[in-house]
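Below is one structure, written out as structure tokens; comments come after it.
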Amino acid sequence: MNGHSDAPVQEPVQDLQEYVQLAKDAGKLVVQPRMGFATPEEMAAGLRAVARVNAGNARTIGTITLDSYTRVGDHIGARRALAGGHPLNGYPIVAHGAHLTSAVAAHAVDDRVEGATPIPVQVRHGSASPRAIFRTSIMAGLTASEGGPVSYCLPYGRTPLAESVRNWDAATVELADSARARGARAHLETFGGCMLGQLCPPSLLVALSVLEALFFAQRGIPTVSLSYAQQTNAVQDVEALAALRLLAAEMLPLEVDWHVVLYTYMGVFPRTAAGAGLLLDASAELAVRGGAERLIVKTAAEADRIPTLAENIAALERAGRVSDLAARTDRGVPWASEVDCSEVLAEARALITAVADGGDVGRALLRAFAGGVLDVPFCLHRDNLGLTQTRIDDDGRLRWARTGRLPLPSRGHADSRIGAQRLLSMLRYTADRHDRAALPDGRPHAVPSGGGEPYRVAVVGSGPRGLAVVERLAVRLSADPPARPVEIHLIDAVEVGCGRIWRTDQPPWFLMNTVAGEVTMFSGPPDGGPARPGAGPSLAQWWQEVDADCPGPNGYAPRPLYGRYLRFLLDTVERGLPDGVTLRRRKAEVVDLTPEQGGYLLRTADGETLRADRVVLTTGHPRPRLDRVQQRLADFAWERPELRYIRGDSASDMPLHLVRGGTKVGVLGLGLSFYDVMVALTIGRGGRFAEDGDDLRYVASGDEPVIVAGSRSGVPIPARGRNQKPSRYVYRPRVFTANRVRELRRKHRLDFRQDVLPLLTDEMRLVYYATAVRSRFGEDVAERFTAEAAAGITAIEALAAHFGVDDLPPLDLEALSRPFADRRFAGRADFTRAVLDLIEDDLRHAEQGNVDGPRKAACDVLRDTRGVLRLAVDFSGLTPESHRGDFLAWFTPLASFLAAGPPLLRLRQTKALIESGVLVVAGPSVSFDADQEIGRFVVSSPQVSDDRIELDAVIDGRIPAPDLARDLAPLPSRLREAGLWTGYVNAHGDASFATGGVAVTGAPFHPVRRDGRPETGLYVLGIPSEHTRWFTQVGSGRPGDWTEFTRDADAIAASLASGVPVVERAGELL
Amino acid sequence: MTALQERARRIVLSTVSSDSHTWNLVFLQLLFEEHGYEVVNLGPCVPDAVLLDAVREHAPDLVVISTVNGHGHLDGARVVRKLRADPLTSSVPAVIGGKLGIRGAGDGDKVQALIDAGFDAVYTDSADAAELPAQLELLTATGTAGHRTHECVA
């Protein structure tokens, strides 16, 4: 069959399937151009350039795309054009021959790296008769190509389908055999997922792709890829990719290795470069979210001509960057695991099973097209019946307008006719949408580059939020160097580079509440190069470097140590700034900010001024005016020099030295701050904890007071389960999904208890029981349980019974967070015993871990789904009543109680302190009062009989919630008075709720002025905007996928960077 | 009215031999059908002989050639000369339009060359498709190849 055994043989280049698999294992999308040049020199240079991109974010595969003479088998025409110097629209592989082509393909390697492995090269052609092309390719050592008997026949030209199937039959068998004879595996990619490029319903594309893959497999091709081209609706596309995977896994023979390849939109392309760029970005995001392993990109030039090499490379780099971001950011495209693909799946399955009867797929395809069982809309080919049409629905999804004779499960609404004008608008739908989206409306305009005056950005507050913005700004300015000097002014009243909460001179006994492995301030992981903006160590990695005693990624770092890490980040960022960008650090309190000539004039407490073009306000934890009850206690102490009242604040900023040893001090609140106060008043007074068997014993110094603490629940907040999750762990919800919440929000304002809580508790219960199932019956059974529970057909409890884990106590959040709700205690000793029992029980659960222990694993869901909850709550997702009542008053304390716990060690210490008598837990529903008669504070619990404890001091151990109206600090006051900051009001119908948070827009979070307009030169991030958004008190990013923390900072950085013109670079898309 | 006039007016819709684009053909077919024409759509990459055979077989009231690959001014001229050379097809009105490899109104020579080769009208890229049916109405009504218009740019 193949009489070319003595032909020149190139060492087979890398196995395409294996290369893709390795990239997938490394979490990288493979990106590939559609690139072909007529001359060997240009083609070689092109492959080399593509190989050079193969670093950093992207993995690349080289492409040799053939010209149209070669496609139709006119090799003489191709030679003539070459000889005459006429331009060809691709590489004429047969005319150039195998010898030359193998020399060209050898350039597909990064020549800058000694001993680099070549990247795989694929031959793309579009031919209905590919035998000669495959022969030359194989002789040149190229074993990967693409096409298909249907997809390279029906859309182009007039070759009868039967002839195409015959041609492809022979060519495919020969390709498989001759590759095998050379010890290599042939690879073929279906083109069936594209067909005419646009306006084909996804189910038919999926079916054709699977059928062509089966055709290849039947002819001995050992590795295949199944294509799918981006269509009009991203969610529908994710569904299609999910269905394609399911069907491929089900239908392809086990010995065939396969992957899925996505094509960037193949229809009419946007006319603007910016619109084209957005479409490319959307496809990269779709590839990641939809689980495709490989993406074939298009360029901005696509609308009018064949792109240049530089344009191809820019598109690859861009797709690589975006795909890297898409894994970590959230712009609304769901993950494949989150969508319901049943509609596409059912249609595609019906089509495939009607065609493939187990016999030869080639013959089956001919029968199917002849009978209209397969019928491609708008395809003019003679062998296509042409009874079907497609429409684009109002939601942007492609659906059937006419179904002809297709054996689809449902034919609803499928008999409309598409007219000429409708067709035209459908053909342009995607192009127009992206051109419109790229319009510069609403974006702040670039500040004109005048007179060498630098573009000044001021960041007020250098805690983690401010630093994250600076880090992302540095990354962005490095990627697109500004054409004008930029000054970043970082201003902090306490310590520049870490801020008040994380200042480096605080005592080491204050710990973080997140394990070090889950903390990073670099927006990307270290990549082998020097630490720099966008690539640097997590806290745990850095800690290990600087401290031999580092306990590892599951240790909790002292707060001052985190402060040092933050300063290391800032130093690293400063070193990594591009030319023309400078960082100025300023230790001062900003007390005034006034708009002035398109910018702002900032004044500091020491009387200095600074003019800035943009100002980021990341001012962190407030110290609001005391409320009425707090003020009464404070006044009481003020009038009596022997008493002390210490207001709620970061424990390291409390004047705890005023509390004398031997006195009795009340602590209001048993949350995270309580533990800080407890440690400061014990370890901080020279006491220590000694190991005593399995327990700890407190060895007093004599300088500590007696601590009497109480709260509403009367229980010190439970420990976080021993961490068993890897640093890059990402929880993918099954029930409480982002998609579901988005759908709910589209319908109406949400009622937290009615709409949100059931989903969240189901998610928790799912994890609760799945954890038990896993520990008893293994991972497989747990997966089955989870899948069935997620399907939601059977109630989770019933399913738990079915799987034999219904002996677990029911997961009752209310009961867990208020264990003493209805209990009465005969006296102090009685209650103390109950508290100690509860702590011991909690320690047992915490020891089981947050993966293996059902209770802690379930509670960890509250942490892991904070992002989903934000989608439900932020920017008035809830009705005002539900926001205030259900969510803030009831759920938020409950969630912090169950999920925000301290390290396990703190609970062991608490137990030891109670046992030693240094700590007294006062009881549930406590009240702290001022007793005028005896002149001391008193604390009592209505649930603990006959017990009233007199106190010499009261410490408010709660972090004050932000409330703009009560914030007395100079800057918030000025901003409020000037109408630049307003309080966020959640209003709906007649109801409204003044939340106390600063009103901000969506990303990039401009404050909303009194006149209702955004102040576009200002940005507000973090705690001041609490209540407009939820859970802003986050002090770090996480390794792995970006969380909102990094995403929000990046949104502001992007907006800041847009204020300065960039240096134009050739070949860039934007 | 005679039986012949009652028959729906018929268009043979084609492109040139080198052009594999089809969306233009799909669009024009729908447009013409909406205006009451019966359309014989020959699809992509139509060899000259296939077009001539179709005209002989279907005896259309009009031949419309749409091409967007930029080779229309060469391929179109060749095929229309063949059309005019055959007595069976020489009198059918024929028009060509699309991206013809002609850069706007300045390329008057190429438009004239296509008219000289035998087309009754030439529609360049800037023509408005919405006005096409009305103009074709005029052509099929007055209907002889002897009446030739110049470039129609809307």
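By order of appearance in the structure tokens: chains A, B, ..., then residues from 1 within every chain, and ligands from 1 in the order shown.
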_Interface, chain B side, toward chain A (10 Å; only C-alpha atoms) as a PyMOL selection string_ = chain B and resi 17-34+41-47+129-130
_Within 10 Å of Phe1045 of chain A using only C-alpha atoms, minus same-chain residues under 3 positions, as a PyMOL selection string_ = chain A and resi 464-465+468-469+521+523+1021-1022+1032-1038+1042+1048-1050
*Please provide as a ChimeraX atom specification all residues within 10 Å of segment 527-536 of chain A, with the sequence filter that same-chain residues fewer than 2 positions apart are discarded (counting only C-alpha atoms).*
/A:56,470-476,478,520-525,538-539,541-542,569-577
_Nearest candidate to Ala274 of chain A (options A:Ile717, A:Val851, A:Ala300, A:Ala38; using only C-alpha atoms)_ = A:Ala300
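Running DSSP on the backbone gives helix (DSSP H, G or I) for these residues within segment 588-674 of chain A: Arg628, Val629, Gln630, Gln631, Arg632, Leu633, Ala634, Asp635, Phe636, Ala637, Trp638, Ala651, Ser652, Asp653, Leu656, His657, Leu658, Leu672, Ser673 and Phe674 of chain A.
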Preceding selection exported with C-alpha atoms as a PDB file, in the first residue's frame:
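out08.pdb written:
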```pdb
ATOM      1  CA  ARG A 628     -25.767  54.042  73.124  1.00  0.00           C
ATOM      2  CA  VAL A 629     -25.132  50.959  75.262  1.00  0.00           C
ATOM      3  CA  GLN A 630     -21.383  51.067  74.727  1.00  0.00           C
ATOM      4  CA  GLN A 631     -21.296  54.777  75.506  1.00  0.00           C
ATOM      5  CA  ARG A 632     -23.099  54.224  78.817  1.00  0.00           C
ATOM      6  CA  LEU A 633     -20.483  51.690  79.896  1.00  0.00           C
ATOM      7  CA  ALA A 634     -17.665  53.954  78.743  1.00  0.00           C
ATOM      8  CA  ASP A 635     -19.113  56.943  80.599  1.00  0.00           C
ATOM      9  CA  PHE A 636     -19.542  54.855  83.733  1.00  0.00           C
ATOM     10  CA  ALA A 637     -15.843  53.960  83.704  1.00  0.00           C
ATOM     11  CA  TRP A 638     -14.830  57.515  82.834  1.00  0.00           C
ATOM     12  CA  ALA A 651      -6.648  43.400  70.123  1.00  0.00           C
ATOM     13  CA  SER A 652      -3.110  44.607  69.510  1.00  0.00           C
ATOM     14  CA  ASP A 653      -4.436  48.177  69.484  1.00  0.00           C
ATOM     15  CA  LEU A 656      -4.785  46.113  77.642  1.00  0.00           C
ATOM     16  CA  HIS A 657      -1.963  47.185  79.966  1.00  0.00           C
ATOM     17  CA  LEU A 658      -4.621  49.196  81.825  1.00  0.00           C
ATOM     18  CA  LEU A 672     -12.124  35.557  67.166  1.00  0.00           C
ATOM     19  CA  SER A 673     -11.285  38.814  68.928  1.00  0.00           C
ATOM     20  CA  PHE A 674     -12.040  37.221  72.270  1.00  0.00           C
TER      21      PHE A 674
END
```
*Who sits within 12 Å of segment 865-869 of chain A, only C-alpha atoms, same chain under 4 positions skipped, as number ranges by chain*: A: 329-330, 332, 730-742, 745, 750, 752, 755-757, 759-761, 763-764, 858-861, 873-875, 877-878, 887, 891-892, 895-896, 899-900, 1029-1032, 1034, 1042-1045, 1047
Save out the residues we just selected, C-alpha atoms, as a compact mmCIF listing (two decimals), in the first residue's frame.
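Below is the file result-v8.txt, written as the result:
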```txt
# COMPACT_ATOMS: atom_id res chain seq x y z
CA THR A 329 -11.71 34.50 37.62
CA ASP A 330 -15.41 34.60 37.14
CA GLY A 332 -20.24 34.57 34.31
CA VAL A 730 -11.11 24.65 45.16
CA TYR A 731 -14.53 23.48 46.21
CA ARG A 732 -17.01 23.09 43.37
CA PRO A 733 -20.53 23.29 44.74
CA ARG A 734 -23.08 20.77 43.46
CA VAL A 735 -26.33 22.28 44.67
CA PHE A 736 -25.53 25.82 45.78
CA THR A 737 -24.01 26.76 42.44
CA ALA A 738 -23.21 30.19 41.06
CA ASN A 739 -25.39 29.42 38.10
CA ARG A 740 -28.40 28.57 40.16
CA VAL A 741 -28.01 31.75 42.19
CA ARG A 742 -27.64 33.85 39.06
CA ARG A 745 -31.46 36.65 40.89
CA LEU A 750 -34.30 36.96 46.99
CA PHE A 752 -32.67 34.57 52.16
CA ASP A 755 -34.52 31.07 48.28
CA VAL A 756 -30.91 30.83 49.41
CA LEU A 757 -30.72 28.97 52.69
CA LEU A 759 -29.66 25.45 48.67
CA LEU A 760 -26.85 26.22 51.09
CA THR A 761 -28.02 23.77 53.73
CA GLU A 763 -24.96 21.63 49.97
CA MET A 764 -23.76 21.31 53.58
CA ALA A 858 -19.94 20.42 56.30
CA CYS A 859 -19.17 23.65 58.16
CA ASP A 860 -16.25 24.31 55.82
CA VAL A 861 -18.83 24.55 53.03
CA VAL A 873 -26.34 39.04 48.56
CA ASP A 874 -24.16 41.75 47.06
CA PHE A 875 -25.70 44.86 45.58
CA GLY A 877 -29.67 40.69 45.94
CA LEU A 878 -31.91 40.19 48.97
CA PHE A 887 -29.06 37.61 56.69
CA PHE A 891 -27.26 34.14 59.43
CA THR A 892 -24.01 36.12 59.52
CA ALA A 895 -21.98 31.44 59.84
CA SER A 896 -19.04 33.07 61.62
CA ALA A 899 -17.07 28.44 59.96
CA ALA A 900 -14.74 31.23 61.02
CA ARG A 1029 -21.00 43.75 49.37
CA TRP A 1030 -20.60 40.95 51.89
CA PHE A 1031 -17.63 39.56 53.81
CA THR A 1032 -15.06 42.14 52.88
CA VAL A 1034 -10.58 39.22 53.88
CA TRP A 1042 -8.29 33.72 42.03
CA THR A 1043 -10.82 34.56 44.67
CA GLU A 1044 -12.83 37.79 44.73
CA PHE A 1045 -9.98 39.32 46.73
CA ARG A 1047 -10.27 39.72 41.15
```
*asked:* Could you list, as a ChimeraX atom specification, every residue within 6 Å of Ala612 of chain A, counting only C-alpha atoms and ignoring same-chain residues fewer than 5 positions away?
replied: /A:456-457,599-600
Same residues, N, CA and C atoms, saved as a PDB file, in the first residue's frame:
```
ATOM      1  N   ARG A 456      -0.544  60.225  38.551  1.00  0.00           N
ATOM      2  CA  ARG A 456      -0.384  59.879  39.969  1.00  0.00           C
ATOM      3  C   ARG A 456      -1.574  59.096  40.490  1.00  0.00           C
ATOM      4  N   VAL A 457      -1.268  57.962  41.078  1.00  0.00           N
ATOM      5  CA  VAL A 457      -2.280  57.142  41.728  1.00  0.00           C
ATOM      6  C   VAL A 457      -1.973  57.145  43.219  1.00  0.00           C
ATOM      7  N   GLY A 599      -8.639  65.922  39.027  1.00  0.00           N
ATOM      8  CA  GLY A 599      -7.966  64.993  39.927  1.00  0.00           C
ATOM      9  C   GLY A 599      -8.410  65.275  41.352  1.00  0.00           C
ATOM     10  N   TYR A 600      -7.527  64.982  42.286  1.00  0.00           N
ATOM     11  CA  TYR A 600      -7.899  65.169  43.690  1.00  0.00           C
ATOM     12  C   TYR A 600      -6.729  65.770  44.449  1.00  0.00           C
TER      13      TYR A 600
END
```
_Can you tell me which residues surround Pro942 of chain A at a distance of at most 9 Å, considering only C-alpha atoms, apart from same-chain residues fewer than 2 positions away, and format the answer as a list in words?_
Arg824, Gly923, Pro924, Ser925, Val926, Ser927, Ser940, Val944, Ser945, Asp946 and Asp947 of chain A
Show which residues sit within 7 Å of Gly666 of chain A, as an mmCIF file with N, CA and C atoms, in the first residue's frame. Count only C-alpha atoms, and ignore same-chain residues fewer than 3 positions away.
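Now in out-v1.cif:
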```
data_model
loop_
_atom_site.group_PDB
_atom_site.id
_atom_site.type_symbol
_atom_site.label_atom_id
_atom_site.label_comp_id
_atom_site.auth_asym_id
_atom_site.auth_seq_id
_atom_site.Cartn_x
_atom_site.Cartn_y
_atom_site.Cartn_z
ATOM 1 N N ILE A 707 -10.595 36.486 83.768
ATOM 2 C CA ILE A 707 -11.343 36.893 82.580
ATOM 3 C C ILE A 707 -12.748 36.296 82.658
ATOM 4 N N VAL A 708 -13.751 37.153 82.583
ATOM 5 C CA VAL A 708 -15.131 36.672 82.617
ATOM 6 C C VAL A 708 -15.766 37.026 81.272
ATOM 7 N N ALA A 709 -15.968 36.001 80.439
ATOM 8 C CA ALA A 709 -16.391 36.293 79.069
ATOM 9 C C ALA A 709 -17.788 35.740 78.813
ATOM 10 N N LEU A 951 -17.272 43.173 88.189
ATOM 11 C CA LEU A 951 -16.076 43.344 87.354
ATOM 12 C C LEU A 951 -15.439 44.715 87.561
ATOM 13 N N ALA A 953 -13.365 45.842 85.046
ATOM 14 C CA ALA A 953 -13.143 46.372 83.694
ATOM 15 C C ALA A 953 -14.015 45.609 82.713
ATOM 16 N N VAL A 954 -14.376 46.273 81.628
ATOM 17 C CA VAL A 954 -15.094 45.599 80.548
ATOM 18 C C VAL A 954 -14.359 45.869 79.240
ATOM 19 N N ILE A 955 -14.114 44.795 78.517
ATOM 20 C CA ILE A 955 -13.499 44.917 77.189
ATOM 21 C C ILE A 955 -14.538 44.496 76.168
#
```
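Here atom CA of Ala248 of chain A stands at a distance of 25.7 Å from atom CA of Ser129 of chain A.
Of note, atom CA of Asn384 of chain A and atom CA of Thr430 of chain A are spaced 25.8 Å apart.
What separates atom CA of Leu286 of chain A from atom CA of Leu408 of chain A is a distance of 26.4 Å.
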